[in-house]
$ cat input.txt   # compact mmCIF, C-alpha atoms and all ligand atoms
# COMPACT_ATOMS: atom_id res chain seq x y z
CA MET A 1061 0.00 0.00 0.00
CA THR A 1062 1.17 3.53 -0.64
CA VAL A 1063 1.40 6.37 1.87
CA ASN A 1064 -1.43 8.08 -0.01
CA GLU A 1065 -3.74 5.04 0.18
CA ILE A 1066 -3.23 4.87 3.94
CA THR A 1067 -3.58 8.59 4.65
CA CYS A 1068 -6.79 8.63 2.56
CA ILE A 1069 -8.32 6.34 5.21
CA ILE A 1070 -7.53 8.95 7.88
CA GLU A 1071 -8.78 11.81 5.69
CA GLU A 1072 -12.04 10.04 4.91
CA PHE A 1073 -12.67 10.30 8.67
CA ALA A 1074 -10.98 13.66 9.31
CA PRO A 1075 -10.83 15.68 6.05
CA LEU A 1076 -7.90 18.12 5.96
CA GLY A 1077 -10.33 20.96 5.21
CA TYR A 1078 -11.38 20.83 8.88
CA GLN A 1079 -7.97 22.01 10.10
CA GLU A 1080 -7.54 25.48 11.58
CA SER A 1081 -5.81 28.15 9.46
CA TYR A 1082 -2.66 28.07 11.64
CA ASP A 1083 -2.32 24.30 11.41
CA ASN A 1084 -0.10 22.12 9.23
CA ALA A 1085 -1.91 18.77 9.16
CA GLY A 1086 -1.34 16.32 6.30
CA LEU A 1087 1.76 14.63 4.86
CA ILE A 1088 4.78 16.50 6.24
CA VAL A 1089 7.76 14.35 5.23
CA GLY A 1090 7.97 11.74 2.46
CA SER A 1091 6.37 10.88 -0.85
CA PRO A 1092 2.67 10.04 -1.12
CA ASN A 1093 3.60 7.30 -3.60
CA SER A 1094 6.13 5.39 -1.50
CA ILE A 1095 5.26 1.89 -0.35
CA VAL A 1096 4.47 1.42 3.34
CA ASN A 1097 5.74 -1.64 5.23
CA GLY A 1098 4.46 -0.69 8.65
CA ILE A 1099 2.77 2.20 10.47
CA LEU A 1100 3.75 3.65 13.85
CA LEU A 1101 1.23 5.79 15.76
CA CYS A 1102 2.11 8.53 18.25
CA VAL A 1103 0.96 11.87 19.69
CA ASP A 1104 4.27 13.70 18.97
CA VAL A 1105 7.10 12.87 16.55
CA THR A 1106 10.46 12.93 18.32
CA LEU A 1107 13.86 11.42 17.52
CA GLU A 1108 13.04 8.63 19.97
CA VAL A 1109 9.79 7.89 18.13
CA LEU A 1110 11.70 7.83 14.85
CA ASP A 1111 14.15 5.30 16.35
CA ASP A 1112 11.18 3.25 17.56
CA ALA A 1113 9.81 3.22 13.98
CA LEU A 1114 13.21 2.16 12.60
CA ALA A 1115 13.61 -0.60 15.17
CA ARG A 1116 10.14 -1.98 14.47
CA GLY A 1117 10.24 -1.78 10.67
CA ALA A 1118 7.63 0.97 10.30
CA ASN A 1119 8.22 3.53 7.55
CA LEU A 1120 5.11 5.67 8.05
CA ILE A 1121 4.64 7.61 11.27
CA ILE A 1122 1.15 8.96 11.92
CA ALA A 1123 1.05 11.58 14.67
CA HIS A 1124 -1.53 13.91 16.19
CA HIS A 1125 0.80 16.93 16.43
CA PRO A 1126 2.49 18.14 13.23
CA LEU A 1127 6.30 17.90 13.33
CA ILE A 1128 6.53 21.20 11.42
CA PHE A 1129 4.22 24.13 12.13
CA THR A 1130 5.88 27.07 10.42
CA GLY A 1131 8.23 27.53 7.48
CA ILE A 1132 11.76 26.18 7.71
CA LYS A 1133 14.40 28.18 5.81
CA ARG A 1134 17.34 25.84 6.28
CA LEU A 1135 17.79 22.23 7.21
CA THR A 1136 21.09 21.91 9.06
CA GLY A 1137 20.15 19.76 12.02
CA ALA A 1138 20.38 22.76 14.35
CA ASN A 1139 17.48 21.59 16.50
CA ALA A 1140 15.58 18.41 17.31
CA THR A 1141 12.89 19.07 14.67
CA GLU A 1142 15.48 19.50 11.90
CA GLN A 1143 17.39 16.43 13.09
CA THR A 1144 14.18 14.40 13.01
CA ILE A 1145 13.34 15.58 9.47
CA ILE A 1146 16.85 14.81 8.18
CA LYS A 1147 16.93 11.37 9.79
CA ALA A 1148 13.42 10.53 8.53
CA ILE A 1149 14.35 11.44 4.94
CA LYS A 1150 17.64 9.54 5.19
CA HIS A 1151 15.82 6.38 6.28
CA GLY A 1152 12.83 6.75 3.96
CA ILE A 1153 10.32 7.31 6.73
CA ALA A 1154 7.19 9.32 5.93
CA ILE A 1155 5.58 11.51 8.59
CA TYR A 1156 1.90 12.44 8.59
CA SER A 1157 -0.25 14.38 11.02
CA ALA A 1158 -4.00 14.69 11.70
CA HIS A 1159 -4.27 17.57 14.15
CA THR A 1160 -7.05 20.19 14.41
CA ASN A 1161 -9.00 18.33 11.72
CA LEU A 1162 -9.08 15.36 14.12
CA ASP A 1163 -10.22 17.73 16.90
CA SER A 1164 -13.17 19.05 14.89
CA VAL A 1165 -14.77 16.00 13.31
CA TRP A 1166 -17.54 13.86 14.78
CA ASN A 1167 -16.03 11.11 16.98
CA GLY A 1168 -12.77 13.07 17.08
CA VAL A 1169 -10.48 13.76 20.03
CA SER A 1170 -12.96 15.25 22.51
CA MET A 1171 -15.72 12.79 21.68
CA ILE A 1172 -13.37 9.90 22.36
CA MET A 1173 -12.54 11.50 25.74
CA ALA A 1174 -16.30 11.74 26.43
CA LYS A 1175 -16.72 8.05 25.60
CA ARG A 1176 -13.87 7.06 27.91
CA ILE A 1177 -15.54 8.98 30.75
CA GLY A 1178 -18.79 7.16 29.97
CA LEU A 1179 -20.80 10.23 28.96
CA GLU A 1180 -24.15 9.77 27.25
CA GLN A 1181 -26.11 11.99 24.84
CA VAL A 1182 -22.81 13.51 23.75
CA GLN A 1183 -22.92 16.68 21.64
CA ILE A 1184 -20.28 19.02 20.21
CA LEU A 1185 -19.48 21.73 22.78
CA SER A 1186 -18.75 24.50 20.28
CA PRO A 1187 -20.24 23.63 16.88
CA LEU A 1188 -18.54 25.09 13.81
CA THR A 1189 -20.18 28.05 12.11
CA ASP A 1190 -19.56 29.04 8.49
CA ASN A 1191 -19.11 25.36 7.77
CA LEU A 1192 -22.25 24.32 5.88
CA VAL A 1193 -23.55 25.01 2.38
CA LYS A 1194 -26.78 24.07 0.62
CA LEU A 1195 -26.23 22.37 -2.71
CA ALA A 1196 -29.10 22.26 -5.22
CA VAL A 1197 -28.79 20.31 -8.46
CA PHE A 1198 -31.26 19.88 -11.35
CA VAL A 1199 -31.26 16.37 -12.84
CA PRO A 1200 -33.48 14.44 -15.28
CA LYS A 1201 -35.94 12.21 -13.41
CA GLY A 1202 -34.43 8.89 -14.48
CA HIS A 1203 -31.00 9.87 -13.11
CA ALA A 1204 -32.12 11.41 -9.81
CA GLU A 1205 -31.95 8.31 -7.64
CA LYS A 1206 -28.39 7.34 -8.53
CA LEU A 1207 -27.11 10.91 -8.35
CA ARG A 1208 -28.73 11.36 -4.91
CA MET A 1209 -27.15 8.16 -3.58
CA ASP A 1210 -23.74 9.07 -5.01
CA MET A 1211 -23.89 12.46 -3.26
CA PHE A 1212 -24.93 10.77 0.02
CA ASN A 1213 -22.03 8.32 -0.28
CA ALA A 1214 -19.67 11.28 -0.78
CA GLY A 1215 -20.85 12.73 2.56
CA ALA A 1216 -23.76 15.03 1.62
CA GLY A 1217 -27.12 15.05 3.42
CA LYS A 1218 -26.19 14.54 7.08
CA ILE A 1219 -28.31 16.38 9.66
CA GLY A 1220 -27.67 15.48 13.33
CA GLY A 1221 -28.00 11.72 13.72
CA TYR A 1222 -29.75 11.39 10.34
CA ASP A 1223 -28.12 10.75 7.01
CA GLN A 1224 -29.43 10.56 3.42
CA CYS A 1225 -31.39 13.80 4.01
CA SER A 1226 -32.51 15.66 0.88
CA TYR A 1227 -35.43 17.66 -0.46
CA ASN A 1228 -36.74 16.89 -3.93
CA THR A 1229 -38.98 19.00 -6.12
CA ASN A 1230 -40.42 18.09 -9.51
CA GLY A 1231 -40.14 20.68 -12.25
CA THR A 1232 -39.43 21.35 -15.86
CA GLY A 1233 -36.02 22.38 -17.09
CA THR A 1234 -35.55 24.19 -20.39
CA PHE A 1235 -32.44 24.57 -22.51
CA ARG A 1236 -31.35 25.12 -26.11
CA ALA A 1237 -28.13 23.41 -27.23
CA GLY A 1238 -25.65 25.60 -29.08
CA GLU A 1239 -23.65 24.77 -32.18
CA ASN A 1240 -20.62 23.22 -30.53
CA THR A 1241 -22.47 21.12 -28.00
CA ASN A 1242 -23.23 17.46 -27.65
CA PRO A 1243 -26.59 17.43 -25.82
CA PHE A 1244 -27.55 14.36 -23.77
CA VAL A 1245 -31.17 14.94 -24.77
CA GLY A 1246 -32.93 17.24 -27.28
CA ASN A 1247 -31.73 18.67 -30.57
CA LYS A 1248 -29.29 21.45 -31.37
CA ALA A 1249 -30.77 24.90 -31.92
CA GLU A 1250 -34.17 23.84 -30.52
CA MET A 1251 -35.47 24.66 -27.09
CA HIS A 1252 -35.98 21.45 -25.13
CA LEU A 1253 -38.25 20.86 -22.13
CA GLU A 1254 -37.15 18.11 -19.74
CA GLU A 1255 -38.88 16.72 -16.65
CA GLU A 1256 -36.27 17.24 -13.93
CA ILE A 1257 -35.93 16.94 -10.19
CA LYS A 1258 -34.26 19.59 -8.07
CA ILE A 1259 -32.34 17.81 -5.31
CA GLU A 1260 -31.25 19.91 -2.32
CA VAL A 1261 -28.73 18.64 0.22
CA ILE A 1262 -26.61 20.06 3.02
CA VAL A 1263 -22.84 19.68 2.61
CA PRO A 1264 -19.99 20.64 4.98
CA LYS A 1265 -17.57 22.95 3.17
CA PRO A 1266 -14.47 20.77 3.77
CA ILE A 1267 -15.96 18.01 1.59
CA LEU A 1268 -17.77 20.23 -0.94
CA HIS A 1269 -15.19 19.66 -3.71
CA LYS A 1270 -15.61 15.89 -3.29
CA VAL A 1271 -19.42 16.07 -3.43
CA VAL A 1272 -19.38 18.39 -6.46
CA SER A 1273 -16.94 16.21 -8.39
CA THR A 1274 -19.12 13.17 -7.56
CA LEU A 1275 -22.16 15.09 -8.78
CA LEU A 1276 -20.48 16.06 -12.04
CA LYS A 1277 -19.46 12.45 -12.63
CA ALA A 1278 -22.94 11.05 -11.98
CA HIS A 1279 -24.89 13.72 -13.91
CA PRO A 1280 -25.68 12.91 -17.57
CA TYR A 1281 -25.71 16.52 -18.86
CA GLU A 1282 -22.80 18.13 -20.67
CA GLU A 1283 -23.36 21.34 -18.69
CA VAL A 1284 -24.63 20.64 -15.19
CA ALA A 1285 -26.83 23.25 -13.49
CA TYR A 1286 -26.19 23.42 -9.75
CA ASP A 1287 -26.25 26.13 -7.09
CA ILE A 1288 -24.22 26.47 -3.89
CA PHE A 1289 -25.57 28.69 -1.09
CA PRO A 1290 -23.70 29.56 2.10
CA LEU A 1291 -25.70 28.76 5.27
CA LEU A 1292 -25.78 30.59 8.58
CA ASN A 1293 -26.61 27.36 10.43
CA ALA A 1294 -23.94 25.99 12.77
CA ASN A 1295 -22.89 22.41 12.10
CA PRO A 1296 -23.90 20.32 15.14
CA ARG A 1297 -21.78 17.43 13.80
CA ALA A 1298 -18.45 19.27 13.84
CA GLY A 1299 -16.58 21.60 16.16
CA LEU A 1300 -14.44 21.71 19.25
CA GLY A 1301 -15.03 20.00 22.59
CA ALA A 1302 -17.84 17.70 23.66
CA VAL A 1303 -20.48 17.74 26.38
CA GLY A 1304 -22.64 14.94 27.78
CA GLN A 1305 -24.37 13.42 30.78
CA LEU A 1306 -23.09 10.90 33.30
CA PRO A 1307 -25.45 7.94 33.66
CA LYS A 1308 -25.27 8.45 37.47
CA THR A 1309 -24.23 11.55 39.40
CA GLU A 1310 -20.79 11.41 41.01
CA ASN A 1311 -19.15 13.24 43.88
CA GLU A 1312 -16.67 15.88 42.64
CA ALA A 1313 -13.57 14.43 44.31
CA ASP A 1314 -14.44 10.83 43.39
CA PHE A 1315 -15.09 11.88 39.80
CA LEU A 1316 -11.70 13.57 39.46
CA GLU A 1317 -9.99 10.54 41.01
CA ARG A 1318 -11.65 8.44 38.32
CA ILE A 1319 -10.55 10.90 35.60
CA LYS A 1320 -6.98 10.65 36.88
CA VAL A 1321 -7.01 6.88 36.36
CA THR A 1322 -8.90 7.02 33.03
CA PHE A 1323 -6.38 9.42 31.47
CA ASN A 1324 -3.34 8.17 33.33
CA ALA A 1325 -2.76 11.68 34.76
CA SER A 1326 -0.21 12.14 37.54
CA CYS A 1327 -1.79 15.38 38.68
CA ILE A 1328 -4.94 17.41 38.04
CA ARG A 1329 -5.06 21.18 38.59
CA HIS A 1330 -8.61 22.36 39.29
CA THR A 1331 -10.73 25.18 40.67
CA LYS A 1332 -12.50 24.78 43.99
CA PHE A 1333 -15.25 22.22 44.34
CA LEU A 1334 -18.75 23.67 44.38
CA GLY A 1335 -20.23 21.02 46.68
CA LYS A 1336 -22.70 19.72 44.12
CA PRO A 1337 -22.76 16.37 42.36
CA ILE A 1338 -21.29 16.04 38.87
CA GLU A 1339 -23.87 15.15 36.25
CA ARG A 1340 -23.07 17.12 33.11
CA VAL A 1341 -19.48 17.06 31.87
CA ALA A 1342 -17.75 19.14 29.18
CA VAL A 1343 -14.38 18.11 27.75
CA CYS A 1344 -11.87 19.41 25.25
CA GLY A 1345 -8.67 17.58 24.32
CA GLY A 1346 -5.55 19.77 24.30
CA SER A 1347 -5.66 23.53 24.91
CA GLY A 1348 -9.35 24.15 25.60
CA ALA A 1349 -9.36 27.25 27.81
CA THR A 1350 -11.10 29.27 25.09
CA LEU A 1351 -14.14 27.03 25.55
CA ILE A 1352 -14.69 27.74 29.27
CA LYS A 1353 -17.60 30.09 28.49
CA ASP A 1354 -19.18 27.48 26.17
CA ALA A 1355 -18.90 24.87 28.94
CA ILE A 1356 -20.66 27.22 31.38
CA LYS A 1357 -23.33 28.05 28.78
CA THR A 1358 -24.16 24.37 28.29
CA LYS A 1359 -24.64 24.08 32.08
CA ALA A 1360 -21.80 21.60 32.55
CA ASP A 1361 -20.83 20.96 36.18
CA ILE A 1362 -17.19 20.40 35.24
CA PHE A 1363 -14.92 21.17 32.28
CA ILE A 1364 -12.00 18.83 31.66
CA THR A 1365 -9.29 20.15 29.39
CA ALA A 1366 -5.59 21.14 29.39
CA ASP A 1367 -3.19 24.11 29.17
CA VAL A 1368 -5.36 26.24 31.47
CA LYS A 1369 -3.49 29.39 32.54
CA TYR A 1370 -3.69 30.97 36.01
CA HIS A 1371 -6.06 33.73 34.88
CA ASN A 1372 -8.29 31.28 32.99
CA PHE A 1373 -9.08 29.51 36.26
CA PHE A 1374 -10.79 32.71 37.52
CA ASP A 1375 -13.36 32.34 34.71
CA ALA A 1376 -14.98 29.46 36.61
CA GLU A 1377 -16.74 32.11 38.76
CA ASN A 1378 -18.32 29.47 41.01
CA LYS A 1379 -20.41 28.27 38.07
CA ILE A 1380 -18.29 25.31 37.04
CA VAL A 1381 -15.26 23.29 38.12
CA ILE A 1382 -12.36 23.68 35.67
CA ALA A 1383 -9.95 20.76 35.66
CA ASP A 1384 -6.62 20.66 33.77
CA ILE A 1385 -5.52 17.05 33.30
CA GLY A 1386 -2.51 17.78 31.02
CA HIS A 1387 -2.18 18.19 27.25
CA PHE A 1388 -0.56 14.85 26.49
CA GLU A 1389 -2.87 13.02 28.89
CA SER A 1390 -5.99 14.44 27.23
CA GLU A 1391 -4.80 13.69 23.71
CA GLN A 1392 -3.32 10.25 24.20
CA PRO A 1393 -6.61 8.68 22.97
CA THR A 1394 -5.81 10.02 19.46
CA ILE A 1395 -3.49 7.01 19.04
CA ASP A 1396 -6.52 4.75 19.54
CA ILE A 1397 -8.59 6.73 17.02
CA PHE A 1398 -5.86 6.10 14.40
CA TYR A 1399 -5.48 2.48 15.49
CA ASP A 1400 -9.20 1.67 15.27
CA LEU A 1401 -9.59 3.38 11.89
CA LEU A 1402 -6.60 1.67 10.31
CA THR A 1403 -6.99 -1.83 11.75
CA LYS A 1404 -10.64 -1.89 10.70
CA LYS A 1405 -9.72 -1.07 7.07
CA LEU A 1406 -6.37 -2.90 7.01
CA PRO A 1407 -6.82 -5.91 9.30
CA ASN A 1408 -3.61 -7.64 8.15
CA PHE A 1409 -1.34 -4.58 8.13
CA ALA A 1410 1.35 -3.83 10.72
CA VAL A 1411 -0.20 -0.95 12.71
CA LEU A 1412 1.86 -0.30 15.84
CA LYS A 1413 1.56 2.08 18.79
CA THR A 1414 4.79 3.72 19.87
CA ASN A 1415 6.35 2.61 23.14
CA VAL A 1416 7.90 6.06 23.62
CA LYS A 1417 6.25 8.39 26.12
CA THR A 1418 6.61 11.73 24.39
CA ASN A 1419 5.04 13.90 27.11
CA PRO A 1420 7.71 16.55 27.80
CA ILE A 1421 6.16 17.38 31.18
CA ASN A 1422 7.15 15.54 34.33
CA TYR A 1423 5.62 15.90 37.79
CA LEU A 1424 7.61 15.81 41.02
ZN ZN A 1501 -2.48 18.99 21.17
$ encode --input "input.txt" --output "structure tokens" --more "lines below"
Ligand SMILES: [Zn+2]
Amino acid sequence: MTVNEITCIIEEFAPLGYQESYDNAGLIVGSPNSIVNGILLCVDVTLEVLDDALARGANLIIAHHPLIFTGIKRLTGANATEQTIIKAIKHGIAIYSAHTNLDSVWNGVSMIMAKRIGLEQVQILSPLTDNLVKLAVFVPKGHAEKLRMDMFNAGAGKIGGYDQCSYNTNGTGTFRAGENTNPFVGNKAEMHLEEEIKIEVIVPKPILHKVVSTLLKAHPYEEVAYDIFPLLNANPRAGLGAVGQLPKTENEADFLERIKVTFNASCIRHTKFLGKPIERVAVCGGSGATLIKDAIKTKADIFITADVKYHNFFDAENKIVIADIGHFESEQPTIDIFYDLLTKKLPNFAVLKTNVKTNPINYL
């Protein structure tokens, strides 16, 4: 299998279009066409992880955090990142990252955290806005069913827990084929009337190009009439963080003790307990302090995240407990997201988890 064939599996789940503007997710080192013998999964790519890949015969590393964030002007091995890049190229190891795109998709980083905690009725904490478009296409009746299914299979028509959602209106299309055309139906230079169906579906922007190219392939007309409208609706199926209910209320201290074990955290920094049972829990893998207000708004009793600064803790304002479990600790489940995705599609392929603990933070 090639690097590209494997990374397509990840991108089917977490399209690169979902990454934040500052991010650098995707293939970072290596050729998309090189053949992969084994895959090593990790949160961060370090020299130690690279050595682990070499020792275990893996030549594709898939990480949550991108090895390179900003432009590199020279490659002299002056720092650990440059040394890692040089060594990876020398040994033919490709490096790929799924970062903020993995944070934002349904069943991404925060949703996996929510599942580990045992939350139910899980929703996105901060749904993406400016993410959805309405696509309307006009198709002859006999071709409507196939075109609709093809668009669904490409990811169109998902609303909440429902898929294959569309609206269909019967109508009559008119057109007159010009001199240099090759009309599917009707004659040149004569106006033609055709019974058509207008199919309307919702599409997330990051997969719009895929849905439109599917549509163009499935449509019989030489010139396809379709409209794309931006929507003001938020996308409840994509965004940062997650929030859900515990099946049974838990005492604050007992709950945090359980979180410590679940995420293998040596230490949890938190605001004062409010003396009420924990029932509704918000989470955000990685640096989630910007979502404190969203967590309060959704009436969560506690917000579990990482990288919370001193002043952020004041934002709890006796309305919520803020708990910082550590960046690495909160994002370690990303390895399992990759693992489950890849082993399901490639049951006989060598998919390995790194043995290297890349968390740079130690606790005394
Ligand atoms: Zn992170």
$ residues_near_ligand --input "input.txt" --ligand "ligand ZN 1501 (chain A)" --cutoff "12 Å" --atoms "only C-alpha atoms and all ligand atoms" --output "PyMOL selection string"
chain A and resi 1083+1102-1104+1123-1127+1157-1163+1169-1170+1344-1348+1365-1367+1386-1394+1419
$ closest_residue --input "input.txt" --among "A:His1371, A:Lys1277, A:Arg1236, A:Lys1218" --to "A:Arg1297" --atoms "all atoms listed in the file"
A:Lys1218
$ closest_residue --input "input.txt" --among "A:Pro1280, A:Ser1164, A:Thr1229, A:Lys1248" --to "A:Gly1202" --atoms "all atoms listed in the file"
A:Pro1280
$ residues_around --input "input.txt" --residues "stretch 1114-1121 of chain A" --least-positions-apart "2" --cutoff "8 Å" --atoms "all atoms listed in the file" --output "PDB file with C-alpha atoms, keeping the file's coordinate frame"
ATOM      1  CA  VAL A1063       1.400   6.370   1.870  1.00  0.00           C
ATOM      2  CA  VAL A1096       4.470   1.420   3.340  1.00  0.00           C
ATOM      3  CA  ASN A1097       5.740  -1.640   5.230  1.00  0.00           C
ATOM      4  CA  GLY A1098       4.460  -0.690   8.650  1.00  0.00           C
ATOM      5  CA  ILE A1099       2.770   2.200  10.470  1.00  0.00           C
ATOM      6  CA  LEU A1100       3.750   3.650  13.850  1.00  0.00           C
ATOM      7  CA  LEU A1101       1.230   5.790  15.760  1.00  0.00           C
ATOM      8  CA  CYS A1102       2.110   8.530  18.250  1.00  0.00           C
ATOM      9  CA  VAL A1105       7.100  12.870  16.550  1.00  0.00           C
ATOM     10  CA  LEU A1110      11.700   7.830  14.850  1.00  0.00           C
ATOM     11  CA  ASP A1111      14.150   5.300  16.350  1.00  0.00           C
ATOM     12  CA  ASP A1112      11.180   3.250  17.560  1.00  0.00           C
ATOM     13  CA  ALA A1123       1.050  11.580  14.670  1.00  0.00           C
ATOM     14  CA  GLY A1152      12.830   6.750   3.960  1.00  0.00           C
ATOM     15  CA  ILE A1153      10.320   7.310   6.730  1.00  0.00           C
ATOM     16  CA  ALA A1154       7.190   9.320   5.930  1.00  0.00           C
ATOM     17  CA  ILE A1155       5.580  11.510   8.590  1.00  0.00           C
ATOM     18  CA  TYR A1156       1.900  12.440   8.590  1.00  0.00           C
ATOM     19  CA  ALA A1410       1.350  -3.830  10.720  1.00  0.00           C
TER      20      ALA A1410
END
$ residues_around --input "input.txt" --residues "A:Asn1064" --least-positions-apart "5" --cutoff "12 Å" --atoms "all atoms listed in the file" --output "PyMOL selection string"
chain A and resi 1069-1072+1086-1087+1090-1096+1120+1154-1156
$ closest_residue --input "input.txt" --among "A:Asn1408, A:Thr1414, A:Ser1326, A:Asn1422" --to "A:Thr1106" --atoms "all atoms listed in the file"
A:Thr1414
$ atom_distance --input "input.txt" --atom1 "atom CA of A:Asn1139" --atom2 "atom CA of A:Ile1088"
17.1 Å
$ closest_residue --input "input.txt" --among "A:Asn1167, A:Thr1136, A:Gln1079, A:Asn1191" --to "A:Leu1268" --atoms "all atoms listed in the file"
A:Asn1191
$ residues_near_point --input "input.txt" --point "(-20.9, 16.7, 47.6)" --cutoff "7 Å" --atoms "only C-alpha atoms" --output "JSON, numbers by chain"
{"A": [1311, 1312, 1335, 1336, 1337]}
$ closest_residue --input "input.txt" --among "A:Thr1241, A:Thr1130, A:Asn1230, A:Thr1144" --to "A:Val1109" --atoms "all atoms listed in the file"
A:Thr1144
$ closest_residue --input "input.txt" --among "A:Phe1129, A:Pro1200, A:Trp1166, A:Ile1066" --to "A:Ala1085" --atoms "all atoms listed in the file"
A:Phe1129
$ atom_distance --input "input.txt" --atom1 "atom CA of A:Glu1256" --atom2 "atom CA of A:Gly1238"
20.3 Å
$ axis_aligned_box --input "input.txt" --around "stretch 1316-1323 of chain A" --padding-each-side "6 Å" --output "AutoDock Vina command-line options"
--center_x -9.0 --center_y 10.2 --center_z 36.2 --size_x 17.3 --size_y 18.7 --size_z 21.5
$ atom_distance --input "input.txt" --atom1 "atom CA of A:Ile1395" --atom2 "atom CA of A:Arg1176"
13.7 Å
$ residues_around --input "input.txt" --residues "A:Tyr1227" --least-positions-apart "4" --cutoff "7 Å" --atoms "only C-alpha atoms" --output "ChimeraX atom specification"
/A:1259-1261
$ write_last_selection --input "input.txt" --atoms "C-alpha atoms" --output "tab-separated table (two decimals), keeping the file's coordinate frame"
chain	number	residue	atom	x	y	z
A	1259	ILE	CA	-32.34	17.81	-5.31
A	1260	GLU	CA	-31.25	19.91	-2.32
A	1261	VAL	CA	-28.73	18.64	0.22
$ build_atoms --input "input.txt" --residues "stretch 1106-1121 of chain A" --atoms "N, CA and C atoms" --output "mmCIF file, in the coordinates of the input"
data_model
loop_
_atom_site.group_PDB
_atom_site.id
_atom_site.type_symbol
_atom_site.label_atom_id
_atom_site.label_comp_id
_atom_site.auth_asym_id
_atom_site.auth_seq_id
_atom_site.Cartn_x
_atom_site.Cartn_y
_atom_site.Cartn_z
ATOM 1 N N THR A 1106 9.158 12.544 17.772
ATOM 2 C CA THR A 1106 10.460 12.930 18.320
ATOM 3 C C THR A 1106 11.516 12.006 17.714
ATOM 4 N N LEU A 1107 12.788 12.312 18.005
ATOM 5 C CA LEU A 1107 13.860 11.420 17.520
ATOM 6 C C LEU A 1107 13.697 10.017 18.076
ATOM 7 N N GLU A 1108 13.242 9.943 19.338
ATOM 8 C CA GLU A 1108 13.040 8.630 19.970
ATOM 9 C C GLU A 1108 11.938 7.848 19.254
ATOM 10 N N VAL A 1109 10.884 8.560 18.848
ATOM 11 C CA VAL A 1109 9.790 7.890 18.130
ATOM 12 C C VAL A 1109 10.296 7.390 16.780
ATOM 13 N N LEU A 1110 11.119 8.211 16.138
ATOM 14 C CA LEU A 1110 11.700 7.830 14.850
ATOM 15 C C LEU A 1110 12.546 6.549 15.013
ATOM 16 N N ASP A 1111 13.346 6.496 16.078
ATOM 17 C CA ASP A 1111 14.150 5.300 16.350
ATOM 18 C C ASP A 1111 13.250 4.094 16.614
ATOM 19 N N ASP A 1112 12.147 4.327 17.296
ATOM 20 C CA ASP A 1112 11.180 3.250 17.560
ATOM 21 C C ASP A 1112 10.645 2.703 16.236
ATOM 22 N N ALA A 1113 10.314 3.634 15.293
ATOM 23 C CA ALA A 1113 9.810 3.220 13.980
ATOM 24 C C ALA A 1113 10.862 2.388 13.243
ATOM 25 N N LEU A 1114 12.117 2.873 13.284
ATOM 26 C CA LEU A 1114 13.210 2.160 12.600
ATOM 27 C C LEU A 1114 13.394 0.762 13.181
ATOM 28 N N ALA A 1115 13.380 0.691 14.496
ATOM 29 C CA ALA A 1115 13.610 -0.600 15.170
ATOM 30 C C ALA A 1115 12.489 -1.588 14.879
ATOM 31 N N ARG A 1116 11.283 -1.078 14.647
ATOM 32 C CA ARG A 1116 10.140 -1.980 14.470
ATOM 33 C C ARG A 1116 9.701 -2.113 13.014
ATOM 34 N N GLY A 1117 10.505 -1.588 12.107
ATOM 35 C CA GLY A 1117 10.240 -1.780 10.670
ATOM 36 C C GLY A 1117 9.068 -0.975 10.143
ATOM 37 N N ALA A 1118 8.733 0.129 10.802
ATOM 38 C CA ALA A 1118 7.630 0.970 10.300
ATOM 39 C C ALA A 1118 8.218 2.144 9.517
ATOM 40 N N ASN A 1119 7.696 2.391 8.318
ATOM 41 C CA ASN A 1119 8.220 3.530 7.550
ATOM 42 C C ASN A 1119 7.176 4.612 7.292
ATOM 43 N N LEU A 1120 6.068 4.554 8.039
ATOM 44 C CA LEU A 1120 5.110 5.670 8.050
ATOM 45 C C LEU A 1120 4.739 5.959 9.504
ATOM 46 N N ILE A 1121 5.022 7.189 9.921
ATOM 47 C CA ILE A 1121 4.640 7.610 11.270
ATOM 48 C C ILE A 1121 3.398 8.481 11.155
#
